[in-house]
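Input: a single structure, listed below in structure tokens.
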Amino acid sequence: KILVTGALGQIGTELVMYLRKHYGEDNVIASSRSRKAGAEKLIESGKFELVDVTNAQQIADVVKKHNVDTVINLAAVLSAVGEKNPTLTWEINMGGLFNILEVARETGISVFTPSSIAAFGPSTPADNTPQDTIQRPTTMYGVTKVSGELLCDYYFQKYGVDTRGVRFPGLISYEALPGGGTTDYAVHIYYDAIEKGKYTSFIAEGTYMDMMYMPDAIDAIVQLAEADPSKLVHRNAFNVSAMSFAPEHVCAEIQKHIPNFVMDYDVDPIRQSIADSWPNSLDDSAAREEWGWNPKYNLSSMTVDMLEKLKIKLGK
Ligand code: VAH
């Protein structure tokens with residue numbers, strides 16, 4: 001049985017739907033700190049529990065009640081929102097992960113929790129960033145992500161807890177919106193292209209970041225979770241990426257389908273400084289070698305699918 005925390009977020013929403021299809025409705029328990037408007041479908045379609053990951057007892061109770069053997073921990077405050085409330089970010093991102101790892105130490109369950117390209121900082125080699133390299137992030141979100149990688153490695157080495165994770169780049173999806181990150185421009189641009197025909201980017205021209213379409217991100221989670229552990233040299237924090245682009249590249253790709261689409265810039269200094277501290281492109285060869293990582297979508301095929309699915313979703 002799989003417990004997904006943060007199940008109403010951008011990744012969680014799609015992951016729960018996929019896992020329920022892949023492993024069976026009854027084998028996936030969705031959980032969130034609170035119910036969210038618009039999540040009724042997901043909440044009613046299967047088992048749902050209110051779990052605040054900062055409450056260790058709630059985690060232990062739900063693990064016991066549903067005989068959980070794997071927790072996929074997606075509960076986190078993202079980079080931009082995190083800079084507005086660093087204390088809450090530490091409490092949820094690190095406090096929550098620590099509580100989950102402690103339950104795992106006591107019960108023997110497995111733990112998958114993602115890291116992020118945010119675990120790197122301005123002193124990290126920015127192009128083709130290596131799997132093992134300098135990590136001095138400059139956001140609280142990034143500090144919790146690099147700390148989370150180390151804590152998961154520790155629980156594996158010290159207690160044998162089966163911990164696994166990937167460093168996600170910016171994720172693009174049409175089901176659920178992202179929750180306050182820096183890469184969110186790459187999602188909003190598609191919504192605005194359909195609804196307004198124009199988009200004002202808060203990230204500057206020429207700012208490269210790694211990105212990935214959500215179907216590939218879901219595949220990465222399932223593939224790594226199902227991987228043969230004897231083949232894993234790394235456990236947590238595999239670099240995974242599918243593409244690297246800057247705002248003008250998305251704009252040009254959208255214009256192939258919506259010729260009149262226009263974009264201008266109104267750069268947000270906070271999110272721009274976060275973006276500038278992150279890598280431009282990742283070396284994901286370790287994930288390819290150790291568990292067969294192989295993304296399917298690039299900017300062109302993602303754009304075709306995003307526009308097609310959003311036109312339906314937005315009734316255009
Ligand atoms: C954010 N979407 O922008 C998240 C992610 C790498 C980016 O961590 O904070």
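Quick note on naming: the chains in the structure tokens go A, B, ... in the order shown, residues restart at 1 in each chain, and ligands are numbered from 1 in order of appearance.
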
Taking only C-alpha atoms and all ligand atoms and a cut-off of 7 Å, can you tell me which residues surround ligand 1, written as an mmCIF file with all heavy atoms, in the first residue's frame?
data_model
loop_
_atom_site.group_PDB
_atom_site.id
_atom_site.type_symbol
_atom_site.label_atom_id
_atom_site.label_comp_id
_atom_site.auth_asym_id
_atom_site.auth_seq_id
_atom_site.Cartn_x
_atom_site.Cartn_y
_atom_site.Cartn_z
ATOM 1 N N LEU A 78 7.455 25.280 -1.859
ATOM 2 C CA LEU A 78 8.397 25.445 -2.976
ATOM 3 C C LEU A 78 9.245 26.714 -2.834
ATOM 4 O O LEU A 78 9.095 27.475 -1.879
ATOM 5 C CB LEU A 78 7.635 25.431 -4.301
ATOM 6 C CG LEU A 78 6.933 24.107 -4.638
ATOM 7 C CD1 LEU A 78 6.298 24.163 -6.016
ATOM 8 C CD2 LEU A 78 7.886 22.928 -4.547
ATOM 9 N N SER A 79 10.109 26.935 -3.826
ATOM 10 C CA SER A 79 11.189 27.921 -3.695
ATOM 11 C C SER A 79 10.726 29.360 -3.463
ATOM 12 O O SER A 79 11.158 30.002 -2.501
ATOM 13 C CB SER A 79 12.058 27.889 -4.959
ATOM 14 O OG SER A 79 11.255 28.205 -6.102
ATOM 15 N N ALA A 80 9.819 29.853 -4.290
ATOM 16 C CA ALA A 80 9.474 31.281 -4.181
ATOM 17 C C ALA A 80 8.647 31.533 -2.917
ATOM 18 O O ALA A 80 8.946 32.439 -2.137
ATOM 19 C CB ALA A 80 8.706 31.724 -5.423
ATOM 20 N N SER A 116 15.538 18.438 -5.814
ATOM 21 C CA SER A 116 15.243 19.426 -6.859
ATOM 22 C C SER A 116 16.547 20.029 -7.370
ATOM 23 O O SER A 116 17.571 19.976 -6.682
ATOM 24 C CB SER A 116 14.375 20.535 -6.241
ATOM 25 O OG SER A 116 14.432 21.711 -7.027
ATOM 26 N N ILE A 117 16.483 20.608 -8.542
ATOM 27 C CA ILE A 117 17.678 21.338 -9.025
ATOM 28 C C ILE A 117 17.984 22.492 -8.068
ATOM 29 O O ILE A 117 19.073 23.052 -8.077
ATOM 30 C CB ILE A 117 17.503 21.871 -10.468
ATOM 31 C CG1 ILE A 117 16.298 22.801 -10.599
ATOM 32 C CG2 ILE A 117 17.434 20.729 -11.466
ATOM 33 C CD1 ILE A 117 16.227 23.515 -11.951
ATOM 34 N N ALA A 118 17.000 22.792 -7.227
ATOM 35 C CA ALA A 118 17.196 23.853 -6.221
ATOM 36 C C ALA A 118 18.221 23.458 -5.169
ATOM 37 O O ALA A 118 18.664 24.289 -4.381
ATOM 38 C CB ALA A 118 15.869 24.171 -5.539
ATOM 39 N N PHE A 168 14.221 16.798 -9.155
ATOM 40 C CA PHE A 168 13.346 17.226 -10.255
ATOM 41 C C PHE A 168 13.745 18.613 -10.747
ATOM 42 O O PHE A 168 14.104 19.480 -9.947
ATOM 43 C CB PHE A 168 11.882 17.259 -9.802
ATOM 44 C CG PHE A 168 11.175 15.949 -9.919
ATOM 45 C CD1 PHE A 168 10.368 15.480 -8.886
ATOM 46 C CD2 PHE A 168 11.291 15.169 -11.068
ATOM 47 C CE1 PHE A 168 9.705 14.261 -8.995
ATOM 48 C CE2 PHE A 168 10.635 13.956 -11.184
ATOM 49 C CZ PHE A 168 9.844 13.502 -10.151
ATOM 50 N N PRO A 169 13.649 18.821 -12.055
ATOM 51 C CA PRO A 169 13.746 20.175 -12.605
ATOM 52 C C PRO A 169 12.368 20.840 -12.514
ATOM 53 O O PRO A 169 11.490 20.337 -11.811
ATOM 54 C CB PRO A 169 14.128 19.902 -14.054
ATOM 55 C CG PRO A 169 13.470 18.600 -14.370
ATOM 56 C CD PRO A 169 13.486 17.810 -13.104
ATOM 57 N N GLY A 170 12.165 21.915 -13.213
ATOM 58 C CA GLY A 170 10.822 22.516 -13.249
ATOM 59 C C GLY A 170 9.865 21.534 -13.914
ATOM 60 O O GLY A 170 10.233 20.886 -14.892
ATOM 61 N N LEU A 171 8.679 21.398 -13.360
ATOM 62 C CA LEU A 171 7.708 20.438 -13.907
ATOM 63 C C LEU A 171 6.542 21.180 -14.539
ATOM 64 O O LEU A 171 6.021 22.153 -13.977
ATOM 65 C CB LEU A 171 7.214 19.501 -12.806
ATOM 66 C CG LEU A 171 8.314 18.644 -12.166
ATOM 67 C CD1 LEU A 171 7.715 17.714 -11.113
ATOM 68 C CD2 LEU A 171 9.075 17.826 -13.211
ATOM 69 N N PRO A 178 1.300 24.438 -10.332
ATOM 70 C CA PRO A 178 2.390 24.357 -9.362
ATOM 71 C C PRO A 178 2.104 25.292 -8.181
ATOM 72 O O PRO A 178 1.312 26.228 -8.316
ATOM 73 C CB PRO A 178 3.619 24.803 -10.144
ATOM 74 C CG PRO A 178 3.088 25.578 -11.300
ATOM 75 C CD PRO A 178 1.712 25.078 -11.582
ATOM 76 N N GLY A 180 3.752 27.704 -6.357
ATOM 77 C CA GLY A 180 4.569 28.824 -5.875
ATOM 78 C C GLY A 180 6.068 28.631 -6.047
ATOM 79 O O GLY A 180 6.867 28.902 -5.153
ATOM 80 N N GLY A 181 6.421 28.106 -7.224
ATOM 81 C CA GLY A 181 7.837 27.911 -7.486
ATOM 82 C C GLY A 181 8.385 28.994 -8.392
ATOM 83 O O GLY A 181 7.719 29.975 -8.699
ATOM 84 N N THR A 182 9.600 28.795 -8.830
ATOM 85 C CA THR A 182 10.281 29.745 -9.718
ATOM 86 C C THR A 182 10.106 29.348 -11.173
ATOM 87 O O THR A 182 10.066 30.186 -12.063
ATOM 88 C CB THR A 182 11.783 29.773 -9.332
ATOM 89 O OG1 THR A 182 11.877 30.208 -7.976
ATOM 90 C CG2 THR A 182 12.587 30.678 -10.245
ATOM 91 N N THR A 183 9.922 28.046 -11.397
ATOM 92 C CA THR A 183 9.781 27.575 -12.794
ATOM 93 C C THR A 183 8.332 27.656 -13.271
ATOM 94 O O THR A 183 8.030 27.268 -14.396
ATOM 95 C CB THR A 183 10.240 26.100 -12.891
ATOM 96 O OG1 THR A 183 9.426 25.324 -11.982
ATOM 97 C CG2 THR A 183 11.707 25.953 -12.538
ATOM 98 N N ASP A 184 7.455 28.170 -12.400
ATOM 99 C CA ASP A 184 6.015 28.158 -12.732
ATOM 100 C C ASP A 184 5.693 28.948 -13.988
ATOM 101 O O ASP A 184 4.644 28.722 -14.614
ATOM 102 C CB ASP A 184 5.197 28.747 -11.555
ATOM 103 C CG ASP A 184 5.398 27.963 -10.272
ATOM 104 O OD1 ASP A 184 6.232 27.044 -10.272
ATOM 105 O OD2 ASP A 184 4.725 28.277 -9.272
#

(Q) as a ChimeraX atom specification, please: every residue in stretch 60-179 of chain A that DSSP puts in strand (DSSP E or B). (A) /A:70-73,110-112,115-116,129,163-164,166-168,170-172

Store the residues picked out above in a file with N, CA and C atoms, as a compact mmCIF listing (two decimals), in the first residue's frame.
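Done, and the output landed in result.txt:
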# COMPACT_ATOMS: atom_id res chain seq x y z
N THR A 70 5.00 1.80 1.55
CA THR A 70 5.82 2.82 0.88
C THR A 70 5.19 4.20 1.05
N VAL A 71 6.00 5.18 1.43
CA VAL A 71 5.51 6.56 1.49
C VAL A 71 6.20 7.34 0.38
N ILE A 72 5.39 8.00 -0.45
CA ILE A 72 5.96 8.94 -1.43
C ILE A 72 5.65 10.32 -0.87
N ASN A 73 6.70 10.99 -0.40
CA ASN A 73 6.53 12.24 0.34
C ASN A 73 6.70 13.46 -0.56
N SER A 110 9.36 1.81 2.97
CA SER A 110 10.26 2.52 2.05
C SER A 110 9.82 3.97 1.93
N VAL A 111 10.78 4.83 1.58
CA VAL A 111 10.47 6.26 1.47
C VAL A 111 11.03 6.83 0.16
N PHE A 112 10.12 7.41 -0.66
CA PHE A 112 10.57 8.12 -1.85
C PHE A 112 10.26 9.59 -1.63
N SER A 115 14.12 15.45 -4.50
CA SER A 115 14.91 16.65 -4.30
C SER A 115 14.63 17.52 -5.51
N SER A 116 15.54 18.44 -5.81
CA SER A 116 15.24 19.43 -6.86
C SER A 116 16.55 20.03 -7.37
N THR A 129 25.47 20.00 -15.18
CA THR A 129 25.78 19.84 -13.75
C THR A 129 25.96 18.36 -13.39
N THR A 163 15.52 4.30 1.06
CA THR A 163 15.16 5.66 0.64
C THR A 163 15.59 5.86 -0.81
N ARG A 164 14.76 6.53 -1.59
CA ARG A 164 15.09 6.81 -2.99
C ARG A 164 14.53 8.19 -3.35
N VAL A 166 14.76 11.62 -6.64
CA VAL A 166 15.36 12.26 -7.82
C VAL A 166 15.40 13.76 -7.59
N ARG A 167 16.29 14.45 -8.29
CA ARG A 167 16.31 15.91 -8.27
C ARG A 167 15.45 16.36 -9.45
N PHE A 168 14.22 16.80 -9.15
CA PHE A 168 13.35 17.23 -10.25
C PHE A 168 13.74 18.61 -10.75
N GLY A 170 12.16 21.91 -13.21
CA GLY A 170 10.82 22.52 -13.25
C GLY A 170 9.87 21.53 -13.91
N LEU A 171 8.68 21.40 -13.36
CA LEU A 171 7.71 20.44 -13.91
C LEU A 171 6.54 21.18 -14.54
N ILE A 172 6.15 20.70 -15.70
CA ILE A 172 5.08 21.35 -16.47
C ILE A 172 3.92 20.38 -16.61

Q: For atom CA of A:Arg288 and atom CA of A:Tyr213, determine how far apart the two atoms are, in Å to one decimal place.
A: 17.2 Å

Q. Hey, which of A:Glu14, A:Asp69, A:Asp153, A:Asp192 ends up closest to A:Lys311? Count only C-alpha atoms.
A.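 For A:Lys311, the nearest of the given residues is A:Asp192.
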
Q.
Taking only C-alpha atoms into account, name the residue in A:Tyr23, A:Phe48, A:Tyr191, A:Tyr208 that is nearest to A:His66.
A.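 The shortest atom-to-atom distance to A:His66 comes from A:Phe48.
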
Q | Selected residue, from A:Leu151, A:Val16, A:Val262, A:Ala227, that lies nearest to A:Lys198 when counting only C-alpha atoms | A |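 Of all the options, A:Val262 lies closest to A:Lys198.
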
Q: Point out the residue among A:Asp210, A:Val143, A:Asp127, A:Ile100 with the least atom-to-atom distance to A:Val161, counting only C-alpha atoms.
A: A:Ile100

Q. Do you know which residues are at most 9 Å from A:Gln272 counting only C-alpha atoms, after dropping those on the same chain fewer than 6 positions away, and could you put them as a list in words?
A.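 After dropping sequence-adjacent residues, the list is Thr182, Phe202, Ile203, Ala204 and Thr207 of chain A.
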
Output the selection as a short mmCIF file (atom, residue, chain, number, x, y, z; two decimals), in the first residue's frame - N, CA and C atoms for each residue.
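Contents of selection_25.cif, as written:
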data_model
loop_
_atom_site.label_atom_id
_atom_site.label_comp_id
_atom_site.auth_asym_id
_atom_site.auth_seq_id
_atom_site.Cartn_x
_atom_site.Cartn_y
_atom_site.Cartn_z
N THR A 182 9.60 28.79 -8.83
CA THR A 182 10.28 29.75 -9.72
C THR A 182 10.11 29.35 -11.17
N PHE A 202 7.85 36.52 -15.76
CA PHE A 202 8.54 37.09 -14.60
C PHE A 202 10.00 36.62 -14.53
N ILE A 203 10.36 35.77 -15.53
CA ILE A 203 11.76 35.32 -15.64
C ILE A 203 12.33 35.94 -16.92
N ALA A 204 13.56 36.40 -16.84
CA ALA A 204 14.15 37.17 -17.96
C ALA A 204 14.50 36.29 -19.15
N THR A 207 17.23 33.09 -19.62
CA THR A 207 17.42 32.34 -18.36
C THR A 207 17.11 30.87 -18.58
#

Q: Considering only C-alpha atoms, return as a PyMOL selection string whatever protein or nucleic-acid residues lie within 10 Å of A:Ala242, sequence-local ones (same chain, fewer than 2 positions apart) excluded.
A: chain A and resi 169+210-213+216-217+240+244+281-282+284+293-299

**Q.** Residue list (helix (DSSP H, G or I), DSSP) for stretch 14-260 of chain A, as JSON, numbers by chain
**A.** {"A": [14, 15, 16, 17, 18, 19, 20, 21, 22, 23, 25, 26, 27, 40, 41, 42, 43, 44, 56, 57, 58, 59, 60, 61, 62, 63, 64, 65, 79, 80, 81, 82, 83, 84, 86, 87, 88, 89, 90, 91, 92, 93, 94, 95, 96, 97, 98, 99, 100, 101, 102, 103, 104, 105, 106, 107, 117, 118, 119, 140, 141, 142, 143, 144, 145, 146, 147, 148, 149, 150, 151, 152, 153, 154, 155, 156, 157, 158, 159, 185, 186, 187, 188, 189, 190, 191, 192, 193, 194, 195, 214, 215, 216, 217, 218, 219, 220, 221, 222, 223, 224, 225, 226, 229, 230, 231, 247, 248, 249, 250, 251, 252, 253, 254, 255]}

Q) If we count only C-alpha atoms, what is near A:Ile218 at a cut-off of 9 Å, once residues fewer than 6 positions away on the same chain are taken out, given as an MDAnalysis selection string? A) chainID A and resid 11 14:15 18

Q. Can you tell me, as an NGL selection string, what residues are no more than 9 Å from A:Val62 when counting only C-alpha atoms, ignoring any on the same chain fewer than 6 positions away?
A. :A and (3 or 49 or 51 or 68)

Q | Contact residues around A:Phe98 with only C-alpha atoms at 10 Å, ignoring same-chain residues under 5 positions, as a VMD selection string | A | chain A and resid 53 to 54 56 91 to 93 103 to 104 148 151 to 152 155

Q. Atom CA of A:Ala186 and atom CA of A:Thr87 are how many Å apart?
A. 27.2 Å

(Q) Please determine, counting only C-alpha atoms, which residue among A:Ser123, A:Ser301, A:Thr113, A:Thr200 has the shortest atom-to-atom distance to A:Thr144. (A) A:Thr113

Q: Enter the distance from atom CA of A:Ile59 to atom CA of A:Trp291, in Å, rounded to one decimal.
A: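 Going from atom CA of A:Ile59 over to atom CA of A:Trp291 covers 29.2 Å.
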
(Q) Using only C-alpha atoms, can you tell me which of A:Glu83, A:Glu44, A:Asp132, A:Asp219 comes closest to A:Ala286? (A) A:Asp132
